[in-house]
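File shown: protein.cif (mmCIF, C-alpha atoms and all ligand atoms).
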```
data_run
#
loop_
_atom_site.label_atom_id
_atom_site.label_comp_id
_atom_site.auth_asym_id
_atom_site.auth_seq_id
_atom_site.Cartn_x
_atom_site.Cartn_y
_atom_site.Cartn_z
CA GLY A 1 6.99 -44.19 39.91
CA ASP A 2 10.05 -45.91 38.50
CA LEU A 3 12.60 -44.00 36.52
CA SER A 4 12.95 -45.30 32.96
CA ALA A 5 16.26 -46.76 31.87
CA ALA A 6 16.81 -43.75 29.61
CA ASP A 7 16.27 -41.32 32.49
CA GLN A 8 18.51 -43.38 34.78
CA ASP A 9 21.17 -42.91 32.14
CA LEU A 10 20.60 -39.12 32.20
CA VAL A 11 20.99 -39.08 35.99
CA ALA A 12 24.32 -40.89 35.63
CA ARG A 13 25.48 -38.58 32.82
CA ARG A 14 24.54 -35.55 34.94
CA ALA A 15 26.67 -36.78 37.81
CA ARG A 16 29.59 -37.50 35.46
CA ALA A 17 29.42 -34.25 33.48
CA LEU A 18 28.08 -31.74 35.99
CA GLY A 19 29.70 -33.04 39.16
CA PRO A 20 28.42 -33.27 42.72
CA ALA A 21 27.04 -29.79 43.56
CA TYR A 22 23.68 -30.00 41.76
CA ARG A 23 20.45 -31.39 43.18
CA LEU A 24 17.42 -32.81 41.36
CA PHE A 25 13.88 -32.33 42.59
CA TYR A 26 11.76 -35.36 43.65
CA GLU A 27 12.43 -38.99 44.52
CA THR A 28 11.61 -39.75 40.89
CA PRO A 29 13.14 -36.87 38.89
CA VAL A 30 11.05 -35.19 36.23
CA HIS A 31 12.30 -35.02 32.64
CA LEU A 32 10.57 -32.21 30.80
CA VAL A 33 10.79 -31.33 27.14
CA ARG A 34 8.27 -28.54 26.60
CA GLY A 35 6.23 -25.89 28.41
CA GLU A 36 3.11 -23.94 27.59
CA GLY A 37 1.19 -21.67 29.97
CA VAL A 38 0.88 -23.44 33.32
CA TRP A 39 1.69 -26.83 31.81
CA LEU A 40 4.95 -28.72 31.43
CA TYR A 41 5.26 -31.83 29.28
CA ASP A 42 7.49 -34.88 29.35
CA GLY A 43 8.68 -36.79 26.29
CA ASP A 44 5.65 -39.08 26.35
CA GLY A 45 3.33 -36.08 26.16
CA ASN A 46 2.21 -36.27 29.80
CA ALA A 47 1.14 -32.87 31.16
CA TYR A 48 2.33 -31.65 34.58
CA LEU A 49 0.56 -28.77 36.30
CA ASP A 50 3.19 -26.21 37.28
CA THR A 51 2.33 -24.91 40.74
CA TYR A 52 5.86 -23.83 41.54
CA ASN A 53 7.73 -21.89 38.86
CA ASN A 54 7.68 -18.18 39.39
CA VAL A 55 10.25 -17.63 36.65
CA ALA A 56 7.78 -18.41 33.86
CA SER A 57 5.55 -15.90 35.55
CA VAL A 58 3.45 -14.94 32.52
CA GLY A 59 3.24 -18.62 31.52
CA HIS A 60 5.79 -20.94 29.97
CA CYS A 61 6.89 -19.83 26.50
CA HIS A 62 4.36 -17.00 26.29
CA PRO A 63 4.09 -16.30 22.53
CA ALA A 64 4.38 -12.51 22.87
CA VAL A 65 7.55 -12.83 24.96
CA VAL A 66 9.08 -15.45 22.69
CA ALA A 67 8.32 -13.25 19.67
CA ALA A 68 9.91 -10.20 21.29
CA THR A 69 13.07 -12.16 22.15
CA ALA A 70 13.32 -13.66 18.67
CA LYS A 71 12.64 -10.38 16.91
CA GLN A 72 15.33 -8.45 18.78
CA ALA A 73 17.81 -11.35 18.58
CA ALA A 74 17.49 -11.18 14.80
CA ILE A 75 18.17 -7.41 14.73
CA LEU A 76 20.86 -6.58 17.28
CA SER A 77 22.18 -7.99 20.52
CA SER A 78 24.66 -5.59 21.99
CA HIS A 79 25.69 -4.19 25.37
CA THR A 80 25.02 -0.96 27.24
CA ARG A 81 28.07 0.93 25.93
CA TYR A 82 26.26 1.96 22.75
CA LEU A 83 23.17 4.10 22.68
CA HIS A 84 20.02 2.06 22.28
CA ASP A 85 16.34 2.96 22.68
CA THR A 86 15.00 -0.33 23.99
CA VAL A 87 16.92 -0.45 27.25
CA LEU A 88 15.81 3.11 28.06
CA ASP A 89 12.21 2.50 27.04
CA TYR A 90 12.21 -0.49 29.36
CA ALA A 91 14.01 1.31 32.20
CA GLU A 92 11.47 4.12 32.13
CA ARG A 93 8.53 1.78 31.94
CA LEU A 94 9.83 -0.37 34.78
CA LEU A 95 10.61 2.64 36.98
CA ALA A 96 7.08 3.91 36.44
CA THR A 97 5.87 0.90 38.46
CA PHE A 98 7.89 2.11 41.51
CA PRO A 99 7.38 4.97 43.97
CA ALA A 100 8.92 8.16 42.56
CA GLU A 101 11.93 8.06 44.94
CA LEU A 102 13.19 4.88 43.28
CA SER A 103 14.31 6.41 40.02
CA HIS A 104 17.49 4.65 38.82
CA VAL A 105 17.80 1.09 37.57
CA MET A 106 20.90 -0.91 36.71
CA PHE A 107 20.76 -4.18 34.81
CA THR A 108 22.36 -7.52 35.58
CA CYS A 109 21.79 -11.09 34.42
CA THR A 110 20.90 -12.69 37.75
CA GLY A 111 19.32 -11.84 41.05
CA SER A 112 22.61 -12.76 42.72
CA GLU A 113 24.45 -10.08 40.76
CA ALA A 114 21.74 -7.55 41.60
CA ASN A 115 22.16 -8.30 45.32
CA ASP A 116 25.94 -8.26 44.99
CA LEU A 117 25.72 -4.81 43.41
CA ALA A 118 23.41 -3.67 46.21
CA PHE A 119 25.98 -4.96 48.72
CA ARG A 120 28.76 -2.90 47.08
CA ILE A 121 26.61 0.23 46.76
CA ALA A 122 25.45 -0.04 50.39
CA ARG A 123 29.05 -0.28 51.60
CA ALA A 124 30.11 2.73 49.50
CA HIS A 125 27.12 4.81 50.58
CA THR A 126 27.20 4.08 54.31
CA GLY A 127 30.89 3.42 54.89
CA GLY A 128 29.68 0.43 56.87
CA THR A 129 30.35 -3.28 56.41
CA GLY A 130 27.69 -4.99 58.52
CA PHE A 131 24.64 -6.67 56.98
CA ILE A 132 21.57 -8.22 58.54
CA VAL A 133 19.64 -11.11 56.98
CA THR A 134 17.05 -13.54 58.26
CA GLU A 135 18.01 -16.92 59.68
CA ASN A 136 17.05 -18.97 56.64
CA ALA A 137 17.44 -16.33 53.94
CA TYR A 138 18.54 -16.98 50.38
CA HIS A 139 19.89 -14.09 48.34
CA GLY A 140 22.24 -15.69 45.81
CA VAL A 141 25.46 -17.31 44.74
CA THR A 142 28.31 -14.79 44.67
CA TYR A 143 30.88 -15.08 47.48
CA ALA A 144 29.53 -12.04 49.34
CA ILE A 145 25.89 -12.98 48.85
CA ALA A 146 26.32 -16.69 49.61
CA GLY A 147 27.70 -15.38 52.90
CA MET A 148 24.32 -13.71 53.41
CA SER A 149 22.33 -16.82 52.48
CA PRO A 150 22.19 -19.03 55.58
CA SER A 151 19.68 -21.35 53.90
CA LEU A 152 22.67 -22.79 52.02
CA GLY A 153 23.45 -24.63 55.24
CA GLU A 154 26.40 -24.98 57.55
CA GLY A 155 28.75 -25.90 54.72
CA VAL A 156 28.64 -22.26 53.55
CA ALA A 157 30.06 -19.85 56.13
CA LEU A 158 28.24 -16.64 56.98
CA GLY A 159 30.06 -13.50 55.87
CA GLU A 160 32.37 -11.94 58.44
CA HIS A 161 30.17 -8.94 59.26
CA VAL A 162 26.84 -10.65 58.66
CA ARG A 163 24.33 -11.04 61.48
CA THR A 164 21.18 -13.16 61.27
CA VAL A 165 17.82 -12.41 62.85
CA ARG A 166 14.85 -14.68 63.42
CA ALA A 167 12.29 -14.59 60.61
CA PRO A 168 9.03 -12.73 61.30
CA ASP A 169 7.13 -15.93 62.02
CA PRO A 170 3.79 -15.01 63.63
CA LEU A 171 3.58 -18.51 65.17
CA ARG A 172 6.89 -18.20 66.96
CA MET A 173 7.29 -14.51 67.79
CA GLN A 174 5.41 -13.07 70.74
CA GLY A 175 3.41 -9.85 70.66
CA ASP A 176 3.23 -7.35 67.84
CA LEU A 177 5.10 -8.83 64.87
CA GLY A 178 6.46 -5.49 63.64
CA ALA A 179 7.87 -4.59 67.06
CA ALA A 180 9.24 -8.10 67.60
CA PHE A 181 11.01 -8.19 64.24
CA ALA A 182 12.39 -4.67 64.72
CA ALA A 183 13.73 -5.74 68.15
CA GLU A 184 15.60 -8.60 66.43
CA VAL A 185 17.11 -6.15 63.95
CA GLN A 186 18.02 -3.72 66.75
CA ALA A 187 19.73 -6.52 68.70
CA ALA A 188 21.80 -7.37 65.60
CA ILE A 189 22.73 -3.69 65.18
CA ASP A 190 23.75 -3.47 68.85
CA ASP A 191 25.86 -6.60 68.49
CA MET A 192 27.64 -5.12 65.46
CA LEU A 193 28.34 -1.89 67.29
CA ARG A 194 29.74 -3.80 70.29
CA HIS A 195 32.14 -5.49 67.88
CA GLY A 196 33.18 -2.25 66.19
CA ILE A 197 31.25 -3.01 63.01
CA LYS A 198 29.40 -0.17 61.31
CA PRO A 199 26.00 -1.29 59.94
CA ALA A 200 25.60 -1.07 56.17
CA GLY A 201 22.20 -2.61 55.57
CA LEU A 202 19.26 -4.87 56.19
CA ILE A 203 18.30 -7.07 53.26
CA VAL A 204 15.12 -9.12 53.24
CA ASP A 205 13.03 -10.99 50.75
CA THR A 206 9.79 -9.08 51.33
CA ILE A 207 7.73 -12.28 51.52
CA PHE A 208 10.45 -14.28 53.33
CA SER A 209 10.12 -17.18 50.87
CA SER A 210 12.96 -19.38 52.07
CA ASP A 211 12.14 -18.65 55.73
CA GLY A 212 8.69 -20.19 55.22
CA VAL A 213 6.55 -17.46 53.53
CA PHE A 214 5.66 -14.64 55.94
CA GLU A 215 3.37 -12.22 54.21
CA GLY A 216 1.68 -10.43 57.03
CA PRO A 217 0.20 -8.61 58.69
CA ALA A 218 0.95 -6.06 56.00
CA GLY A 219 3.06 -3.24 57.41
CA PHE A 220 5.07 -5.33 59.88
CA LEU A 221 8.36 -4.50 58.13
CA ALA A 222 8.19 -0.74 58.72
CA PRO A 223 9.68 -0.63 62.27
CA ALA A 224 12.67 -2.80 61.23
CA VAL A 225 13.33 -0.50 58.26
CA ALA A 226 13.27 2.48 60.60
CA ALA A 227 15.73 0.73 62.94
CA ILE A 228 18.35 0.03 60.25
CA ARG A 229 18.07 3.58 58.92
CA ALA A 230 18.46 5.06 62.40
CA ALA A 231 21.70 3.07 62.64
CA GLY A 232 22.98 4.59 59.38
CA GLY A 233 22.27 1.54 57.22
CA VAL A 234 20.12 1.09 54.14
CA PHE A 235 17.12 -1.12 53.53
CA ILE A 236 17.36 -3.44 50.53
CA ALA A 237 14.17 -5.19 49.41
CA ASP A 238 14.84 -8.46 47.58
CA GLU A 239 11.88 -8.73 45.20
CA VAL A 240 13.30 -11.64 43.20
CA GLN A 241 10.45 -13.87 44.40
CA PRO A 242 7.54 -11.61 45.50
CA GLY A 243 7.90 -8.96 42.80
CA PHE A 244 6.19 -8.33 39.46
CA GLY A 245 2.61 -8.57 40.72
CA ARG A 246 2.69 -11.98 42.36
CA CYS A 247 1.42 -10.77 45.73
CA GLY A 248 -1.80 -9.54 44.13
CA ASP A 249 -2.56 -6.31 45.93
CA THR A 250 0.63 -4.58 44.88
CA MET A 251 3.20 -4.83 42.11
CA TRP A 252 6.05 -5.08 44.65
CA GLY A 253 6.13 -6.92 47.96
CA PHE A 254 7.59 -3.95 49.89
CA GLN A 255 4.54 -1.86 48.96
CA ARG A 256 2.42 -4.12 51.17
CA HIS A 257 4.47 -2.82 54.10
CA GLY A 258 4.15 0.89 53.30
CA VAL A 259 7.92 1.37 53.08
CA VAL A 260 10.13 2.78 50.32
CA PRO A 261 13.41 0.82 50.18
CA ASP A 262 16.77 2.38 49.38
CA MET A 263 17.38 -0.40 46.84
CA VAL A 264 15.26 -3.14 45.30
CA SER A 265 16.67 -6.23 43.63
CA LEU A 266 14.76 -7.93 40.82
CA GLY A 267 15.22 -11.17 38.92
CA LYS A 268 13.54 -14.48 38.16
CA PRO A 269 10.21 -13.47 36.53
CA MET A 270 11.64 -10.31 34.95
CA GLY A 271 12.44 -12.05 31.63
CA ASN A 272 10.08 -15.03 31.98
CA GLY A 273 13.13 -17.32 31.69
CA TYR A 274 15.50 -15.08 29.74
CA PRO A 275 18.34 -14.13 32.11
CA VAL A 276 17.63 -10.52 32.97
CA ALA A 277 17.70 -8.99 36.44
CA GLY A 278 18.29 -5.59 37.95
CA LEU A 279 18.69 -3.24 40.86
CA VAL A 280 16.38 -0.25 41.35
CA MET A 281 17.57 2.45 43.74
CA GLN A 282 17.16 5.91 45.12
CA PRO A 283 19.73 8.16 43.38
CA ARG A 284 21.30 9.37 46.63
CA VAL A 285 22.52 5.88 47.57
CA ILE A 286 24.57 5.44 44.41
CA ALA A 287 26.23 8.88 44.40
CA ALA A 288 29.36 7.70 46.26
CA PHE A 289 29.66 4.45 44.29
CA GLY A 290 29.05 6.23 40.98
CA ALA A 291 31.74 8.82 41.68
CA LYS A 292 34.45 6.18 42.17
CA ALA A 293 33.41 3.05 40.37
CA ARG A 294 32.14 2.28 36.92
CA TYR A 295 29.81 -0.62 36.30
CA PHE A 296 29.73 -2.70 33.17
CA ASN A 297 27.84 -5.97 32.90
CA THR A 298 28.45 -7.52 29.49
CA PHE A 299 25.06 -9.15 29.07
CA GLY A 300 23.03 -7.21 31.61
CA GLY A 301 20.56 -4.86 29.93
CA ASN A 302 21.47 -5.88 26.39
CA ALA A 303 18.89 -5.15 23.71
CA VAL A 304 17.49 -8.69 23.68
CA ALA A 305 17.16 -8.72 27.47
CA ALA A 306 15.42 -5.34 27.42
CA ALA A 307 13.04 -6.32 24.62
CA THR A 308 12.17 -9.54 26.42
CA ALA A 309 11.63 -7.84 29.77
CA MET A 310 9.51 -5.16 28.09
CA ALA A 311 7.27 -7.85 26.61
CA VAL A 312 6.91 -9.47 30.05
CA LEU A 313 5.84 -6.18 31.61
CA GLU A 314 3.37 -5.58 28.78
CA VAL A 315 1.82 -9.03 29.28
CA ILE A 316 1.54 -8.49 33.06
CA GLU A 317 -0.39 -5.31 32.29
CA SER A 318 -2.43 -6.37 29.25
CA GLU A 319 -3.51 -9.67 30.80
CA ALA A 320 -4.09 -8.01 34.20
CA LEU A 321 -1.96 -10.66 35.89
CA GLN A 322 -1.56 -8.82 39.19
CA GLU A 323 -5.35 -8.78 39.48
CA ASN A 324 -5.44 -12.44 38.45
CA ALA A 325 -2.93 -13.21 41.19
CA ARG A 326 -5.17 -11.45 43.70
CA VAL A 327 -8.40 -13.14 42.62
CA VAL A 328 -7.11 -16.65 41.86
CA GLY A 329 -4.78 -16.50 44.88
CA GLY A 330 -7.76 -15.72 47.11
CA TYR A 331 -9.70 -18.60 45.57
CA PHE A 332 -6.70 -20.87 46.12
CA ALA A 333 -6.40 -19.89 49.79
CA ASP A 334 -10.12 -20.48 50.32
CA GLY A 335 -9.82 -23.93 48.76
CA LEU A 336 -6.90 -24.86 51.02
CA ARG A 337 -8.77 -23.59 54.10
CA GLY A 338 -11.70 -25.75 53.03
CA LEU A 339 -9.47 -28.84 53.13
CA ALA A 340 -7.84 -27.89 56.43
CA GLY A 341 -10.89 -28.95 58.46
CA ARG A 342 -10.64 -32.47 57.04
CA PHE A 343 -6.92 -33.13 57.15
CA GLU A 344 -5.10 -32.69 60.45
CA CYS A 345 -1.71 -32.29 58.83
CA LEU A 346 -2.79 -28.99 57.27
CA GLY A 347 -1.54 -26.35 59.70
CA PRO A 348 -1.51 -22.59 59.30
CA LEU A 349 -1.81 -21.18 55.78
CA ARG A 350 -0.11 -17.96 54.77
CA ALA A 351 -0.91 -16.32 51.47
CA ALA A 352 -0.58 -13.13 49.46
CA GLY A 353 -1.91 -13.41 45.93
CA LEU A 354 -0.35 -16.37 44.16
CA PHE A 355 2.31 -16.84 46.83
CA LEU A 356 1.06 -19.39 49.34
CA GLY A 357 2.77 -21.23 52.17
CA GLN A 358 0.94 -24.17 53.72
CA GLU A 359 2.41 -25.53 56.96
CA ILE A 360 2.40 -29.32 57.25
CA VAL A 361 2.22 -30.31 60.91
CA ALA A 362 1.63 -33.29 63.21
CA GLY A 363 -0.25 -32.59 66.42
CA GLY A 364 -0.46 -28.79 66.64
CA PRO A 365 0.53 -25.70 64.65
CA LEU A 366 4.10 -25.62 66.02
CA LYS A 367 4.87 -29.29 65.30
CA ALA A 368 6.54 -29.21 61.89
CA ASP A 369 6.26 -32.44 59.94
CA ALA A 370 8.92 -32.49 57.23
CA ALA A 371 8.47 -36.19 56.48
CA THR A 372 4.78 -35.84 55.64
CA CYS A 373 5.54 -32.69 53.69
CA ALA A 374 8.10 -34.60 51.58
CA ARG A 375 5.56 -37.40 51.01
CA ILE A 376 3.03 -34.81 49.83
CA VAL A 377 5.54 -33.18 47.46
CA ASN A 378 6.47 -36.55 45.99
CA GLY A 379 2.87 -37.77 45.95
CA LEU A 380 1.84 -34.71 43.97
CA ARG A 381 4.70 -35.29 41.58
CA GLU A 382 3.33 -38.79 40.96
CA ALA A 383 -0.04 -37.12 40.28
CA ARG A 384 1.83 -34.81 37.84
CA VAL A 385 1.44 -31.68 39.92
CA LEU A 386 4.74 -29.91 40.57
CA ILE A 387 5.38 -28.21 43.90
CA SER A 388 8.12 -27.96 46.51
CA ALA A 389 8.72 -27.32 50.20
CA THR A 390 10.50 -24.50 51.99
CA GLY A 391 11.32 -23.10 55.42
CA PRO A 392 13.99 -23.98 58.01
CA ARG A 393 12.02 -27.10 58.99
CA SER A 394 11.26 -28.07 55.34
CA ASN A 395 7.58 -28.40 56.21
CA VAL A 396 6.02 -25.50 54.33
CA LEU A 397 4.51 -26.28 50.94
CA LYS A 398 5.52 -23.42 48.69
CA ILE A 399 2.79 -22.75 46.16
CA ARG A 400 3.97 -20.20 43.62
CA PRO A 401 2.53 -20.92 40.16
CA PRO A 402 2.78 -18.88 36.97
CA LEU A 403 0.52 -15.83 37.32
CA VAL A 404 -1.72 -17.04 34.50
CA PHE A 405 -3.02 -19.76 36.86
CA SER A 406 -6.82 -20.05 36.61
CA LYS A 407 -9.55 -21.15 39.03
CA ALA A 408 -9.82 -24.36 37.00
CA ASN A 409 -6.09 -24.93 37.61
CA VAL A 410 -6.71 -24.40 41.34
CA ASP A 411 -9.50 -27.00 41.23
CA HIS A 412 -7.12 -29.40 39.46
CA PHE A 413 -4.51 -28.84 42.17
CA LEU A 414 -6.98 -29.24 45.01
CA ALA A 415 -8.37 -32.51 43.61
CA ALA A 416 -4.86 -33.94 43.29
CA PHE A 417 -3.90 -32.58 46.73
CA GLU A 418 -6.94 -34.17 48.35
CA GLY A 419 -6.08 -37.51 46.75
CA VAL A 420 -2.53 -37.34 48.07
CA LEU A 421 -3.61 -36.18 51.55
CA ALA A 422 -5.99 -39.12 51.79
CA LYS A 423 -2.99 -41.43 51.28
CA VAL A 424 -0.32 -39.79 53.47
N1 LIG B 501 17.03 -13.65 45.95
C1 LIG B 501 16.04 -14.52 46.13
C2 LIG B 501 14.97 -14.22 47.14
C3 LIG B 501 15.99 -15.70 45.38
O1 LIG B 501 15.00 -16.57 45.55
C4 LIG B 501 17.01 -15.95 44.43
C5 LIG B 501 17.01 -17.20 43.57
N2 LIG B 501 16.45 -18.34 44.13
C6 LIG B 501 18.04 -15.01 44.29
C7 LIG B 501 18.00 -13.87 45.05
C8 LIG B 501 19.17 -15.22 43.34
O2 LIG B 501 18.76 -15.11 42.02
P1 LIG B 501 19.58 -15.84 40.86
O3 LIG B 501 19.40 -17.31 41.02
O4 LIG B 501 18.98 -15.27 39.61
O5 LIG B 501 21.01 -15.43 41.00
#
```

Starting from the file, give its structure as structure tokens.
Amino acid sequence: GDLSAADQDLVARRARALGPAYRLFYETPVHLVRGEGVWLYDGDGNAYLDTYNNVASVGHCHPAVVAATAKQAAILSSHTRYLHDTVLDYAERLLATFPAELSHVMFTCTGSEANDLAFRIARAHTGGTGFIVTENAYHGVTYAIAGMSPSLGEGVALGEHVRTVRAPDPLRMQGDLGAAFAAEVQAAIDDMLRHGIKPAGLIVDTIFSSDGVFEGPAGFLAPAVAAIRAAGGVFIADEVQPGFGRCGDTMWGFQRHGVVPDMVSLGKPMGNGYPVAGLVMQPRVIAAFGAKARYFNTFGGNAVAAATAMAVLEVIESEALQENARVVGGYFADGLRGLAGRFECLGPLRAAGLFLGQEIVAGGPLKADAATCARIVNGLREARVLISATGPRSNVLKIRPPLVFSKANVDHFLAAFEGVLAKV
């Protein structure tokens, strides 16, 4: 489609006011004014099916969440240096969703800050400085964490003591995936030790979103976790994308692997759009940090953030959204498999609940086709279905809708998808 003159003006104003570091989605950018449930609306009232936003996890502008935010904002918005019930009520309720060993939580505003705090705590606890991340990982924007986010590209240097490992891609790793991934981690540890670097930790997104969505086989992470611990490092699970029920079978992505992390970072869906994030940890890992340092995050864990996050957790439970993710995600995967026989470009599908990665290929499962993938993403946008692509080869459709997605929404997606596939 063509961009209206008014929207062309917005694009120009963006460049003038916001500078060169931002990127817009789609060849024809989308200009949204309102959201409700799984739908987003432009100024002309056109509805777009949101198949991508995991932030508005319980649905855009969920009335119970909006009401909780508004109510608390009208009473008191303060920080964590005064006593307040709400932040503790929320902390206890959140911790109850974790294995018993993970019994402290600290609040931040962003996932980046949560990972940055994990980085500092891991260094204090282990006395080490070396971190291991996957080849196309994304963990956030602070200086330390951008240095552990190779998906930012070659313009952003890796941190000094950061080592990358290949992602656990079942198409490209030989043999048992758990053993192969652990061997990668062990090689990185050995390389650190050769260079006089003491390992501090392994941090992974437990569904490897930016690496291309690697959900299974469940359990494959356990040997790598054992390897980093044997080397004196900690295991940090980044649950910013897979967490809060999205993967269907479990509340947290790491639970699919039968491991208990030393720390778990949370963000995006935690406040359904309100900036609230956090770091859950085993008490022993923060003893050294807590003895020396104090931590104060002005907005992190304020009463409005806590009330909002509490409402999100209540909606996940009362609307059984983890179960919905499991059931509707399964239906979604079946639908995509049904199309795969008819369209050659549909390669391997990987899925856990409402987190799906569909490889777009040309002539075999290993032949990534980024160009066709981009045409699909833009074709769907023209059909008013919002989606994006991920992975180091930019050829994996990342399907990650709000958890209130229904089977009817899946049917809507599949009809639009089929129409676009017939054209590309
Ligand atoms: N970790 C992962 C896996 C993420 O996807 C993101 C955000 N894309 C972050 C951390 C950083 O979160 P934030 O943008 O809230 O700082």

Within 8 Å of A:Pro283, counting only C-alpha atoms, which residues show up once you throw out same-chain ones fewer than 2 positions away? Write them as a list in words, please.
Glu101, Leu102, Ser103, His104, Met281, Val285, Ile286 and Ala287 of chain A

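The closest residue to ligand LIG 501 (chain B), picked from A:Thr97, A:Ser151, A:Thr51, A:Asn115 and counting only C-alpha atoms and all ligand atoms, is A:Asn115.
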
Give me, as a Markdown table, each residue of chain A that comes within 7 Å of ligand LIG 501 (chain B), together with its shortest interatomic pair and the distance in Å at one decimal, counting only C-alpha atoms and all ligand atoms, with rows ordered by chain and rising residue number.
```
| residue | atom | partner | partner_atom | distance |
| --- | --- | --- | --- | --- |
| A:Thr110 | CA | B:LIG501 | O4 | 3.7 |
| A:Gly111 | CA | B:LIG501 | O2 | 3.5 |
| A:Ser112 | CA | B:LIG501 | O5 | 3.6 |
| A:Glu113 | CA | B:LIG501 | O5 | 6.4 |
| A:Asn115 | CA | B:LIG501 | C7 | 7.0 |
| A:Tyr138 | CA | B:LIG501 | C1 | 5.5 |
| A:His139 | CA | B:LIG501 | N1 | 3.8 |
| A:Gly140 | CA | B:LIG501 | C8 | 4.0 |
| A:Val141 | CA | B:LIG501 | O5 | 6.1 |
| A:Asp205 | CA | B:LIG501 | C2 | 5.2 |
| A:Ser209 | CA | B:LIG501 | C2 | 6.8 |
| A:Asp238 | CA | B:LIG501 | C2 | 5.8 |
| A:Glu239 | CA | B:LIG501 | C2 | 6.6 |
| A:Val240 | CA | B:LIG501 | C1 | 4.9 |
| A:Gln241 | CA | B:LIG501 | C2 | 5.3 |
| A:Gly267 | CA | B:LIG501 | O4 | 5.6 |
| A:Lys268 | CA | B:LIG501 | O4 | 5.7 |
```

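Shortest atom-to-atom contact with A:Lys398 among A:Asp50, A:Asp249, A:Asp42, A:Asp262: A:Asp50, counting all atoms listed in the file.
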
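Omitting A:Phe107 and its sequence neighbours fewer than 4 positions away, and counting only C-alpha atoms, the residues within 8 Å are A:Ala114, A:Val276, A:Ala277, A:Gly278, A:Leu279, A:Asn297, A:Gly300, A:Gly301.
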
Counting only C-alpha atoms, the residue of A:Leu158, A:Val280, A:Ile203, A:Leu321 that sits nearest A:Tyr143:
A:Leu158

Let me make sure I understand: among A:Asp369, A:Asp9, A:Glu344, A:Asp85, which one has the smallest atom-to-atom distance to A:Ser394 if we use only C-alpha atoms?
A:Asp369

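Shortest separation to A:Gly391 among A:Ala187, A:Ile228, A:Val234, A:Ala137 occurs at residue A:Ala137, atoms counted being all atoms listed in the file.
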
Neighbours of A:Gly330 within 9 Å (all atoms listed in the file; same-chain residues fewer than 4 positions away dropped), as a VMD selection string?
chain A and resid 325 to 326 334 to 335 351 to 354

Per residue of stretch 100-219 of chain A within 12 Å of stretch 291-295 of chain A, note the shortest atom pair and the distance in Å to one decimal, counting all atoms listed in the file, and order the rows by chain and increasing residue number, as a tab-separated table.
```
residue	atom	partner	partner_atom	distance
A:Met106	CA	A:Tyr295	CA	8.9
A:Phe107	CA	A:Tyr295	CA	9.8
A:Thr108	CA	A:Tyr295	CA	10.2
A:Glu113	CA	A:Tyr295	CA	11.8
A:Ala114	CA	A:Tyr295	CA	11.9
A:Leu117	CA	A:Tyr295	CA	9.2
A:Arg120	CA	A:Ala293	CA	10.1
A:Ile121	CA	A:Ala293	CA	9.7
A:Ala124	CA	A:Lys292	CA	9.2
A:His125	CA	A:Ala291	CA	10.8
```

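Closest approach to A:Asn409 among A:Val185, A:Ala237, A:Val328, A:Ala122: A:Val328, based on all atoms listed in the file.
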
For stretch 220-222 of chain A, please output as a PDB file with C-alpha atoms, in the coordinates of the input all residues within 10 Å (counting only C-alpha atoms; exclusion window: fewer than 6 positions along the same chain).
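around26.pdb, written as the output of this step:
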```pdb
ATOM      1  CA  PRO A 168       9.030 -12.730  61.300  1.00  0.00           C
ATOM      2  CA  ASP A 176       3.230  -7.350  67.840  1.00  0.00           C
ATOM      3  CA  LEU A 177       5.100  -8.830  64.870  1.00  0.00           C
ATOM      4  CA  GLY A 178       6.460  -5.490  63.640  1.00  0.00           C
ATOM      5  CA  ALA A 179       7.870  -4.590  67.060  1.00  0.00           C
ATOM      6  CA  ALA A 180       9.240  -8.100  67.600  1.00  0.00           C
ATOM      7  CA  PHE A 181      11.010  -8.190  64.240  1.00  0.00           C
ATOM      8  CA  ALA A 182      12.390  -4.670  64.720  1.00  0.00           C
ATOM      9  CA  VAL A 204      15.120  -9.120  53.240  1.00  0.00           C
ATOM     10  CA  THR A 206       9.790  -9.080  51.330  1.00  0.00           C
ATOM     11  CA  PHE A 254       7.590  -3.950  49.890  1.00  0.00           C
ATOM     12  CA  ARG A 256       2.420  -4.120  51.170  1.00  0.00           C
ATOM     13  CA  HIS A 257       4.470  -2.820  54.100  1.00  0.00           C
ATOM     14  CA  GLY A 258       4.150   0.890  53.300  1.00  0.00           C
ATOM     15  CA  VAL A 259       7.920   1.370  53.080  1.00  0.00           C
ATOM     16  CA  VAL A 260      10.130   2.780  50.320  1.00  0.00           C
TER      17      VAL A 260
END
```

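Take atom CA of A:Thr372 and atom CA of A:Val424: the distance between them is 6.8 Å.
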
Name the residues in contact with A:Glu160 at a cut-off of 10 Å, using all atoms listed in the file, excluding same-chain residues fewer than 3 positions from it; report them as number ranges by chain.
A: 129-131, 144, 147-148, 157, 163

Can you measure atom CA of A:Thr126 to atom CA of A:Gly201 for me? One decimal in Å is fine.
8.4 Å

May I have the centre and edge lengths, in Å to one decimal, of an axis-aligned box around the listed atoms of stretch 299-318 of chain A with 6 Å added to every side, as JSON?
```
{"center_x": 11.3, "center_y": -7.2, "center_z": 28.4, "size_x": 39.5, "size_y": 16.7, "size_z": 21.4}
```
